[in-house]
Structure formats: structure tokens, C-alpha cells
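Q: As input, take work07.csv (CSV, C-alpha atoms and all ligand atoms):
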chain,number,residue,atom,x,y,z
A,1,MET,CA,44.6,3.5,-16.0
A,2,LYS,CA,46.3,6.8,-15.4
A,3,LYS,CA,46.6,7.9,-11.7
A,4,PRO,CA,45.4,11.5,-11.1
A,5,ILE,CA,47.7,13.8,-9.2
A,6,LYS,CA,47.0,14.1,-5.5
A,7,LYS,CA,45.8,17.7,-4.5
A,8,PRO,CA,43.5,19.0,-1.8
A,9,ILE,CA,40.0,20.1,-2.6
A,10,ARG,CA,39.8,23.9,-2.3
A,11,LYS,CA,37.3,24.9,-5.0
A,12,ALA,CA,33.7,24.3,-5.6
A,13,ILE,CA,31.3,24.9,-8.5
A,14,ILE,CA,27.6,25.4,-8.0
A,15,PRO,CA,25.7,25.2,-11.3
A,16,ALA,CA,22.7,27.5,-10.9
A,17,ALA,CA,21.9,28.5,-14.5
A,18,GLY,CA,18.8,26.3,-14.9
A,19,LEU,CA,15.5,27.9,-16.0
A,20,GLY,CA,13.7,26.4,-13.0
A,21,THR,CA,10.7,25.4,-15.1
A,22,ARG,CA,9.4,23.1,-12.4
A,23,PHE,CA,8.7,26.2,-10.3
A,24,LEU,CA,7.0,28.4,-12.8
A,25,PRO,CA,5.5,30.9,-12.5
A,26,PHE,CA,7.7,31.8,-9.5
A,27,THR,CA,10.9,31.4,-11.5
A,28,LYS,CA,9.8,33.8,-14.3
A,29,ALA,CA,11.7,36.7,-12.6
A,30,ILE,CA,13.3,35.1,-9.5
A,31,PRO,CA,15.9,32.4,-9.5
A,32,LYS,CA,14.7,29.1,-8.0
A,33,GLU,CA,17.8,29.0,-5.8
A,34,MET,CA,16.3,32.0,-3.9
A,35,LEU,CA,13.3,29.9,-2.9
A,36,PRO,CA,13.5,29.9,0.9
A,37,LEU,CA,13.5,27.1,3.5
A,38,VAL,CA,11.5,29.1,6.1
A,39,ASP,CA,13.5,32.4,5.8
A,40,THR,CA,16.8,31.4,4.2
A,41,PRO,CA,17.3,30.9,0.5
A,42,THR,CA,18.2,27.3,-0.5
A,43,ILE,CA,21.4,28.5,-2.1
A,44,GLN,CA,22.6,29.9,1.2
A,45,TYR,CA,22.4,26.3,2.7
A,46,ILE,CA,24.5,25.0,-0.2
A,47,ILE,CA,27.2,27.7,0.2
A,48,LYS,CA,27.3,26.9,3.9
A,49,GLU,CA,27.7,23.2,3.1
A,50,ALA,CA,30.7,24.1,0.9
A,51,VAL,CA,32.3,26.4,3.5
A,52,ASP,CA,31.7,24.0,6.3
A,53,SER,CA,33.5,21.3,4.2
A,54,GLY,CA,36.7,23.5,4.0
A,55,ILE,CA,36.1,25.0,0.5
A,56,SER,CA,37.6,28.4,0.2
A,57,GLU,CA,36.6,29.5,-3.3
A,58,ILE,CA,33.2,29.1,-4.9
A,59,LEU,CA,32.1,29.7,-8.5
A,60,ILE,CA,28.4,29.9,-9.2
A,61,ILE,CA,27.4,29.4,-12.8
A,62,THR,CA,24.5,31.7,-13.5
A,63,ASN,CA,22.5,33.2,-16.3
A,64,SER,CA,21.1,36.6,-17.0
A,65,ASN,CA,18.1,36.0,-14.7
A,66,LYS,CA,20.1,35.4,-11.5
A,67,SER,CA,21.1,38.8,-10.2
A,68,ALA,CA,18.9,38.4,-7.0
A,69,MET,CA,21.3,35.6,-6.0
A,70,GLU,CA,24.4,37.8,-6.5
A,71,ASN,CA,22.8,40.6,-4.5
A,72,HIS,CA,22.0,38.2,-1.7
A,73,PHE,CA,25.7,37.4,-1.2
A,74,ASP,CA,26.8,41.0,-1.5
A,75,HIS,CA,26.8,43.8,1.1
A,76,SER,CA,23.7,45.9,1.2
A,77,TYR,CA,25.0,49.2,2.6
A,78,GLU,CA,21.6,50.9,2.7
A,79,LEU,CA,20.0,48.1,4.6
A,80,GLU,CA,23.0,47.7,6.9
A,81,GLU,CA,22.9,51.5,7.7
A,82,LYS,CA,19.1,51.4,8.4
A,83,LEU,CA,19.5,48.4,10.7
A,84,LYS,CA,22.4,50.1,12.6
A,85,GLU,CA,20.3,53.2,13.1
A,86,ALA,CA,17.4,51.2,14.4
A,87,GLY,CA,19.6,49.3,16.8
A,88,LYS,CA,18.7,46.0,15.3
A,89,GLU,CA,22.1,44.4,16.1
A,90,GLU,CA,21.1,40.7,15.6
A,91,GLU,CA,19.6,41.3,12.1
A,92,LEU,CA,22.6,43.5,11.2
A,93,LYS,CA,25.0,40.7,12.1
A,94,GLN,CA,22.9,38.2,10.2
A,95,ILE,CA,22.9,40.0,6.9
A,96,LYS,CA,26.6,41.1,7.2
A,97,ASP,CA,27.6,37.4,7.9
A,98,ILE,CA,25.9,36.3,4.6
A,99,ALA,CA,28.1,38.7,2.6
A,100,ASP,CA,31.2,37.5,4.4
A,101,MET,CA,30.5,33.7,4.2
A,102,ALA,CA,32.9,32.9,1.4
A,103,THR,CA,34.8,34.2,-1.7
A,104,ILE,CA,32.2,33.8,-4.3
A,105,TYR,CA,32.8,34.3,-8.0
A,106,TYR,CA,30.2,34.2,-10.8
A,107,ALA,CA,30.4,33.0,-14.4
A,108,ARG,CA,27.6,33.1,-17.0
A,109,GLN,CA,26.5,30.1,-18.9
A,110,LYS,CA,25.7,31.9,-22.2
A,111,GLU,CA,23.8,29.0,-23.8
A,112,ASN,CA,21.4,26.7,-22.1
A,113,LEU,CA,23.3,23.5,-23.0
A,114,GLY,CA,22.9,21.4,-19.8
A,115,LEU,CA,24.9,20.4,-16.7
A,116,GLY,CA,28.1,19.2,-18.5
A,117,HIS,CA,28.3,22.5,-20.3
A,118,ALA,CA,27.7,24.5,-17.1
A,119,VAL,CA,30.7,22.6,-15.5
A,120,TYR,CA,32.8,23.3,-18.6
A,121,CYS,CA,32.2,27.1,-18.1
A,122,ALA,CA,34.3,26.7,-14.9
A,123,ARG,CA,37.5,25.4,-16.5
A,124,THR,CA,39.6,28.6,-16.2
A,125,PHE,CA,38.5,29.0,-12.5
A,126,VAL,CA,39.4,25.4,-11.6
A,127,GLU,CA,42.7,25.1,-13.6
A,128,GLU,CA,44.6,21.9,-12.8
A,129,GLU,CA,43.0,20.9,-9.4
A,130,PRO,CA,40.4,18.4,-8.4
A,131,PHE,CA,37.2,20.3,-7.4
A,132,ALA,CA,33.8,19.8,-6.0
A,133,VAL,CA,30.4,20.2,-7.7
A,134,LEU,CA,27.3,20.9,-5.6
A,135,LEU,CA,23.9,20.8,-7.4
A,136,PRO,CA,21.6,23.1,-5.4
A,137,ASP,CA,18.5,21.0,-6.0
A,138,ASN,CA,19.5,18.5,-3.3
A,139,MET,CA,20.6,18.7,0.3
A,140,ILE,CA,21.7,16.0,2.7
A,141,GLU,CA,21.8,16.2,6.5
A,142,CYS,CA,23.5,13.8,8.8
A,143,GLU,CA,24.0,14.6,12.5
A,144,HIS,CA,27.1,12.5,13.0
A,145,CYS,CA,28.7,12.2,9.6
A,146,GLY,CA,29.6,15.7,8.5
A,147,THR,CA,28.2,17.6,5.6
A,148,GLY,CA,27.3,15.8,2.4
A,149,LEU,CA,30.3,17.3,0.6
A,150,GLN,CA,32.6,16.5,3.6
A,151,GLN,CA,31.7,12.8,3.1
A,152,LEU,CA,32.9,13.0,-0.5
A,153,ILE,CA,36.0,14.9,0.3
A,154,ASP,CA,36.9,12.3,2.9
A,155,THR,CA,36.4,9.6,0.3
A,156,TYR,CA,38.5,11.5,-2.2
A,157,GLU,CA,41.3,11.7,0.3
A,158,SER,CA,41.3,7.9,0.4
A,159,VAL,CA,40.9,7.1,-3.3
A,160,HIS,CA,42.5,10.2,-4.9
A,161,THR,CA,40.3,10.1,-8.0
A,162,SER,CA,36.8,11.3,-8.9
A,163,VAL,CA,33.9,10.4,-6.6
A,164,VAL,CA,30.2,10.7,-7.1
A,165,GLY,CA,27.8,10.8,-4.2
A,166,VAL,CA,24.9,8.2,-4.4
A,167,GLN,CA,22.0,7.1,-2.4
A,168,GLN,CA,19.6,4.2,-2.7
A,169,MET,CA,16.3,5.4,-4.2
A,170,SER,CA,12.8,4.1,-4.7
A,171,LYS,CA,11.9,2.8,-8.2
A,172,GLU,CA,9.7,5.8,-8.9
A,173,LEU,CA,12.6,8.3,-8.3
A,174,LEU,CA,15.2,6.6,-10.5
A,175,PRO,CA,14.0,8.0,-13.9
A,176,ARG,CA,14.8,11.5,-12.6
A,177,TYR,CA,18.5,10.7,-11.7
A,178,GLY,CA,21.7,9.4,-13.1
A,179,VAL,CA,21.6,5.8,-11.9
A,180,VAL,CA,24.9,3.9,-11.2
A,181,ASP,CA,26.1,0.4,-11.7
A,182,LEU,CA,28.2,-0.3,-8.6
A,183,GLY,CA,31.2,-2.5,-8.8
A,184,ASN,CA,33.5,-4.0,-6.1
A,185,SER,CA,33.9,-2.1,-2.9
A,186,TRP,CA,37.1,-0.3,-2.2
A,187,ARG,CA,39.3,-2.1,0.4
A,188,GLN,CA,36.3,-3.8,2.1
A,189,GLU,CA,34.8,-0.3,2.7
A,190,GLU,CA,31.1,-1.0,2.2
A,191,THR,CA,30.1,2.6,1.4
A,192,ILE,CA,32.8,3.1,-1.3
A,193,HIS,CA,32.4,1.3,-4.6
A,194,MET,CA,34.2,1.3,-8.0
A,195,LEU,CA,31.9,2.6,-10.6
A,196,ASN,CA,31.1,0.3,-13.6
A,197,GLY,CA,28.7,2.6,-15.4
A,198,ILE,CA,26.0,5.2,-15.2
A,199,VAL,CA,22.8,5.6,-17.0
A,200,GLU,CA,21.2,9.1,-17.1
A,201,LYS,CA,17.5,9.1,-16.3
A,202,PRO,CA,16.9,5.4,-17.2
A,203,GLN,CA,13.5,4.3,-18.6
A,204,PRO,CA,11.7,2.1,-16.0
A,205,GLY,CA,13.0,-1.5,-16.2
A,206,THR,CA,16.4,-0.5,-17.7
A,207,GLU,CA,18.1,0.8,-14.5
A,208,PRO,CA,21.5,-0.7,-13.8
A,209,GLY,CA,20.7,-0.7,-10.0
A,210,ASP,CA,18.9,1.4,-7.4
A,211,TYR,CA,21.5,3.9,-6.4
A,212,GLY,CA,21.0,7.4,-7.9
A,213,ILE,CA,23.6,10.2,-8.2
A,214,PHE,CA,22.5,12.7,-5.7
A,215,GLY,CA,24.1,16.0,-6.7
A,216,ARG,CA,27.5,16.0,-5.1
A,217,TYR,CA,30.7,15.2,-7.1
A,218,ILE,CA,34.5,15.5,-6.6
A,219,LEU,CA,36.0,15.6,-10.1
A,220,THR,CA,39.5,15.5,-11.4
A,221,PRO,CA,40.5,18.3,-13.9
A,222,GLU,CA,40.7,15.7,-16.7
A,223,ILE,CA,36.9,16.0,-17.0
A,224,PHE,CA,37.5,19.3,-18.8
A,225,ASP,CA,39.4,17.5,-21.6
A,226,VAL,CA,36.4,15.2,-22.1
A,227,LEU,CA,33.9,18.1,-21.9
A,228,GLU,CA,35.9,20.1,-24.4
A,229,GLU,CA,35.6,17.3,-27.0
A,230,MET,CA,31.9,17.1,-26.3
A,231,VAL,CA,31.5,20.9,-26.7
A,232,ILE,CA,33.3,20.7,-30.1
A,233,ARG,CA,31.2,17.8,-31.2
A,234,GLN,CA,28.0,19.6,-30.0
A,235,LYS,CA,28.9,22.5,-32.4
A,236,THR,CA,28.9,20.2,-35.4
A,237,GLU,CA,26.3,17.6,-34.4
A,238,GLY,CA,23.9,20.1,-32.7
A,239,GLU,CA,22.9,18.0,-29.6
A,240,LYS,CA,20.7,19.9,-27.3
A,241,GLU,CA,22.5,19.0,-24.1
A,242,ILE,CA,26.0,18.2,-22.9
A,243,HIS,CA,25.4,15.7,-20.2
A,244,LEU,CA,27.9,15.5,-17.3
A,245,THR,CA,26.9,11.8,-16.9
A,246,LYS,CA,28.2,11.1,-20.5
A,247,ALA,CA,31.4,12.9,-19.7
A,248,LEU,CA,31.9,10.8,-16.6
A,249,VAL,CA,31.3,7.6,-18.5
A,250,GLU,CA,34.0,8.7,-21.0
A,251,LEU,CA,36.4,9.7,-18.2
A,252,MET,CA,35.9,6.2,-16.7
A,253,THR,CA,37.7,4.7,-19.8
A,254,THR,CA,41.0,6.4,-18.6
A,255,GLN,CA,40.5,7.0,-14.9
A,256,MET,CA,38.9,5.1,-12.1
A,257,ILE,CA,35.7,6.8,-10.6
A,258,TYR,CA,34.3,5.8,-7.3
A,259,ALA,CA,30.8,6.1,-5.8
A,260,LYS,CA,30.3,7.0,-2.2
A,261,VAL,CA,27.0,5.9,-0.6
A,262,MET,CA,26.2,9.0,1.4
A,263,ASN,CA,24.8,8.9,4.9
A,264,GLY,CA,22.0,11.1,5.9
A,265,LYS,CA,18.5,12.4,5.1
A,266,ARG,CA,18.1,13.7,1.6
A,267,TYR,CA,16.0,16.7,0.7
A,268,ASP,CA,15.0,17.1,-2.9
A,269,ILE,CA,14.3,20.8,-2.9
A,270,GLY,CA,14.2,21.1,-6.7
A,271,ASP,CA,10.8,19.3,-6.6
A,272,LYS,CA,7.6,21.0,-5.4
A,273,MET,CA,6.6,18.3,-3.0
A,274,GLY,CA,10.2,17.8,-1.7
A,275,PHE,CA,10.4,21.6,-1.3
A,276,LEU,CA,7.2,21.8,0.7
A,277,LYS,CA,8.1,18.9,2.9
A,278,ALA,CA,11.6,20.4,3.6
A,279,ASN,CA,9.9,23.7,4.5
A,280,LEU,CA,7.6,22.0,7.0
A,281,GLU,CA,10.4,20.0,8.5
A,282,PHE,CA,12.7,22.9,8.9
A,283,ALA,CA,9.9,25.1,10.4
A,284,MET,CA,9.1,22.3,12.9
A,285,ARG,CA,12.7,22.4,14.2
A,286,ARG,CA,12.3,26.1,15.1
A,287,PRO,CA,11.2,26.6,18.7
A,288,ASP,CA,9.5,29.9,17.7
A,289,MET,CA,7.3,28.1,15.2
A,290,ARG,CA,7.0,24.4,16.2
A,291,GLU,CA,3.9,24.6,18.5
A,292,GLU,CA,1.8,26.9,16.4
A,293,LEU,CA,2.6,25.0,13.2
A,294,ALA,CA,1.8,21.6,14.7
A,295,ALA,CA,-1.5,22.9,16.0
A,296,PHE,CA,-2.3,24.4,12.6
A,297,MET,CA,-1.4,21.2,10.7
A,298,GLN,CA,-3.6,19.2,13.0
A,299,GLU,CA,-6.5,21.7,12.5
A,300,LEU,CA,-5.9,21.4,8.7
A,301,LEU,CA,-6.1,17.6,8.9
A,302,ASP,CA,-9.2,17.7,11.0
A,303,ARG,CA,-10.9,20.1,8.6
A,304,ASN,CA,-10.1,17.9,5.6
A,305,SER,CA,-10.9,14.5,7.0
B,401,LIG,C1,21.4,16.0,-12.8
B,401,LIG,C2,22.3,14.9,-13.3
B,401,LIG,C3,21.8,13.6,-12.7
B,401,LIG,C4,21.8,13.6,-11.2
B,401,LIG,C5,20.9,14.8,-10.8
B,401,LIG,C6,20.9,15.0,-9.3
B,401,LIG,O1,20.1,15.9,-13.4
B,401,LIG,O2,22.2,14.9,-14.7
B,401,LIG,O3,22.7,12.6,-13.1
B,401,LIG,O4,21.3,12.4,-10.7
B,401,LIG,O5,21.3,16.0,-11.4
B,401,LIG,O6,20.0,16.0,-8.9
B,401,LIG,P1,19.0,17.2,-13.4
B,401,LIG,O7,18.4,17.1,-12.0
B,401,LIG,O8,19.8,18.4,-13.6
B,401,LIG,O9,18.1,16.9,-14.5
Now, as a test, write the supplied structure out as C-alpha cells.

A:
Amino acid sequence: MKKPIKKPIRKAIIPAAGLGTRFLPFTKAIPKEMLPLVDTPTIQYIIKEAVDSGISEILIITNSNKSAMENHFDHSYELEEKLKEAGKEEELKQIKDIADMATIYYARQKENLGLGHAVYCARTFVEEEPFAVLLPDNMIECEHCGTGLQQLIDTYESVHTSVVGVQQMSKELLPRYGVVDLGNSWRQEETIHMLNGIVEKPQPGTEPGDYGIFGRYILTPEIFDVLEEMVIRQKTEGEKEIHLTKALVELMTTQMIYAKVMNGKRYDIGDKMGFLKANLEFAMRRPDMREELAAFMQELLDRNS
């Protein structure tokens, strides 16, 4: 097995070029990443997670329908001027801070060819460094263990090779995820395991375990060699999707990949029910909303019982 070169993680890719069909009709004109948790677009939480984990450069992979997202992270001079004139200092700071959060670049995925292809679109941005991938459909929160991505970066700093974030999932959820076959643990560390295999969205009864890939990855740049071959093959064989999971399975033949069992509560915000639950939970944390919302939910329950 070849040993990847040790380098720090400075760059992150956020694939956000999906069509968002699970949220139609909302996503006809507005990117699903702009769906808010209370008043903040979900993509802003993901950018914050990357920045809080020490990432300095972020590339968002988009498509032609995603300009609202680019505008959100840009300065809005007219709005800033109006807020200034109205003396709304707090709001002014809030919107200026969003534009200054990170250095964000954008690249278009010109064909809708799946997650592996979206990652492949980032190859010139990444160059020869290990990098992070954050899928904006999932978030994880853990009070005492750092951001989701930080947990993977810490793992990478121990193992110095690719790491995928996994969590134990209920049987019903597994067909929606990449499901891993966990091998031996790394130096008696119970939450870090060698990866023996991955099955993308297994049929019930064929899962290799009950840990699903949760949408956070640290990848070595050698993944691009694998993806390139898949892109060439796709052109002749015409497969509809280039799966990142397939590329990982192929990378495993030349490099070790580890799975990190992530700590914290998972929010599946790419799913309608998960999104509604996250919204209620986030609203209940806000002192300005908590009481009124709790009373309303009680009233709603009483009315429907
Ligand atoms: C993708 C990956 C899958 C992973 C999931 C996490 O699937 O292909 O392996 O478990 O993200 O959200 P998607 O949700 O894009 O269908």
C-alpha cells in the first residue's frame, strides 16, 4: 500500500449542484441549500462548520440555478447602505459578517453526473493536497467534541490518509446512504476503523453493516486519478452517474481508507421530515421563540388529539 504524503487540510469542497427534487416545487427556482433553519440558510451552517474547523478556502460546486447562494455570500451594498442609514447596526454587522466568513470560490458542474463527478470538478482547485468534502444535506452537532469536520481532521492527523465520517443508523435509513464494512480498529481507538468496503444505497438485507457514510470526508488527491478514469469510462460506456463511493472502493485497492465514527446529533436536512424537525429544534433553542412555539405546539396537539 502506498503511503499518502502528509499535508494539512486547508481546502474544502461543498458539492451543491443537485437538483433538489425532494424539495420540489420550492427548488424550481431557489437552491435547496438556501432553505433556512429558522432564519439562516442551511449552507451558511455548512460554511461555518468548515471555517470553524480551520478551513481557509472553500469551493462550492454549483449549477446554473444557484445564483441566490452566491449572492448570499457576497456584499449587498444597497442593503448595507439602507441599514446604515436606518441605524440598524446589529443587522448591518450580521449581513456584513456573512460576506466576510471565508474565501469562497465557485465552479459549475456542467453535467448532472453525480457526486463523484462534482468532486472531480474541483481537481484544479485542490491540486496535490488532501482536502475536505462536506455534503450540505447533513449536519452534526456535538457540544464537547468539536465540529463534525473537526472530528475528521483530527482523525486524518493521526492516520494521514483518507477518512470518511460514519454513524450508526436504523435499518430503514441504510438504503439512502453509503453503508460501510468496518474492519479492525486503529491502534485500539474504538471510533477509528479500517474500511473493508462500502456499498452505495444497499437493498434491504444486503447491507454490510449498520454504519452509514454521513456526508463528511477527508480525501487524498489520488482520488482524482481514480475519478478521471471513471469520467473517461463514462464517456464511452454512458453510465448516468459517477459515484464517489465507487471511486473510494477503487482507491482502497492502493491506499488505506479509515472510517471515523462521529460523535454528536445528526440532522438530515436534505429530507423533508428531517428538515422540519431541525427547524423546530433550532427554534426551540431561541429564547425569543421558545415559549410561544412550545405553547403553539401544545395547542396544535390538543386540537388534533
Ligand atoms: C451521498 C453518497 C452516500 C452518502 C450520502 C450522505 O448520497 O453517495 O454514500 O451516504 O451522500 O448524505 P446522496 O445523498 O447524494 O444520494

Q: Report as a list in words which protein, DNA and RNA residues come within 9 Å of ligand LIG 401 (chain B), using all atoms listed in the file.

A: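 Sorted by chain and then by number, the residues are Gly18, Gly114, Leu115, Gly116, Leu135, Pro136, Asp137, Asn138, Val166, Leu174, Arg176, Tyr177, Gly178, Val179, Ile198, Val199, Glu200, Lys201, Gly212, Ile213, Phe214, Gly215, Arg216, His243, Leu244, Thr245, Asp268 and Gly270 of chain A.
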
Q: Sort by chain and increasing residue number a table of all residues of range 64-144 of chain A within 7 Å of range 5-10 of chain A, each with its closest pair of atoms and their distance in Å to one decimal, counting only C-alpha atoms, and write it as a Markdown table.

A:
| residue | atom | partner | partner_atom | distance |
| --- | --- | --- | --- | --- |
| A:Glu129 | CA | A:Lys7 | CA | 6.5 |
| A:Pro130 | CA | A:Ile9 | CA | 6.1 |
| A:Phe131 | CA | A:Ile9 | CA | 5.6 |

Q: Given the selection you just returned, output its residues as a file containing C-alpha atoms, formatted as an mmCIF file, keeping the file's coordinate frame.

A:
data_model
loop_
_atom_site.group_PDB
_atom_site.id
_atom_site.type_symbol
_atom_site.label_atom_id
_atom_site.label_comp_id
_atom_site.auth_asym_id
_atom_site.auth_seq_id
_atom_site.Cartn_x
_atom_site.Cartn_y
_atom_site.Cartn_z
ATOM 1 C CA GLU A 129 43.000 20.900 -9.400
ATOM 2 C CA PRO A 130 40.400 18.400 -8.400
ATOM 3 C CA PHE A 131 37.200 20.300 -7.400
#

Q: Which one is closest to Glu91 in chain A: A:Ala283, A:Glu157, A:Leu79, A:Leu301? Count only C-alpha atoms.

A: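 The shortest atom-to-atom distance to Glu91 in chain A comes from A:Leu79.
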
Q: I need every residue sitting at most 8 Å from the point (12.9, 5.4, -11.0) (coordinates as in the file, only C-alpha atoms considered), written as a list in words.

A: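 Here is the list of nearby residues: Met169, Ser170, Lys171, Glu172, Leu173, Leu174, Pro175, Arg176, Tyr177, Lys201, Pro202, Gln203, Pro204 and Glu207 of chain A.
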
Q: Measuring between all atoms listed in the file, which one of A:Cys142, A:Ile242, A:Leu182, A:Val119 shows the shortest distance to Pro208 in chain A?

A: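 Nearest to Pro208 in chain A: A:Leu182.
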
Q: Nearest residue to Asp154 in chain A out of A:Thr124, A:Met101, A:His72, A:Ser53, using only C-alpha atoms?

A: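 The answer is A:Ser53, which sits nearest to Asp154 in chain A.
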
Q: In Å, with one decimal, what is the gap from CA of Ser305 in chain A to CA of Asp271 in chain A?

A: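 Result for CA of Ser305 in chain A versus CA of Asp271 in chain A: 26.1 Å, one decimal.
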
Q: Nearest to Leu248 in chain A among A:Phe275, A:Tyr217, A:Tyr267, A:Phe23, with distances taken over only C-alpha atoms: which residue is it?

A: A:Tyr217

Q: Could you tell me how far CA of Asp97 in chain A lies from CA of Pro15 in chain A, in Å and to one decimal?

A: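 Interatomic distance here is 22.8 Å.
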
Q: Tell me, in Å to one decimal, how far CA of Ile55 in chain A is from CA of Lys11 in chain A.

A: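 Straight-line distance from CA of Ile55 in chain A to CA of Lys11 in chain A works out to 5.6 Å.
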
Q: Residues around (37.7, 22.9, -12.8), cut-off 9 Å, counting all atoms listed in the file - what are they as a list of chain:residue names?

A: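 Those within range, by chain then number, are A:Lys11, A:Ala12, A:Ile13, A:Val119, A:Tyr120, A:Cys121, A:Ala122, A:Arg123, A:Thr124, A:Phe125, A:Val126, A:Glu127, A:Glu128, A:Glu129, A:Pro130, A:Phe131, A:Ala132, A:Leu219, A:Thr220, A:Pro221, A:Glu222, A:Ile223, A:Phe224.
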
Q: In terms of the shortest atom-to-atom distance over only C-alpha atoms, which of A:Arg108, A:Arg266, A:Lys93, A:His144 is closest to Glu80 in chain A?

A: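 Closest residue, counting only C-alpha atoms: A:Lys93.
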
Q: Determine the nearest neighbour of Pro41 in chain A from the options A:Phe296, A:Tyr106, A:Tyr258, A:Phe73, counting only C-alpha atoms.

A: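 Checking each candidate against Pro41 in chain A, we get A:Phe73 as the closest.
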
Q: May I have the residues within 12 Å of Ala29 in chain A as a PyMOL selection string, using only C-alpha atoms and disregarding those fewer than 3 positions away in the same chain?

A: chain A and resi 19-21+23-26+32-35+63-69
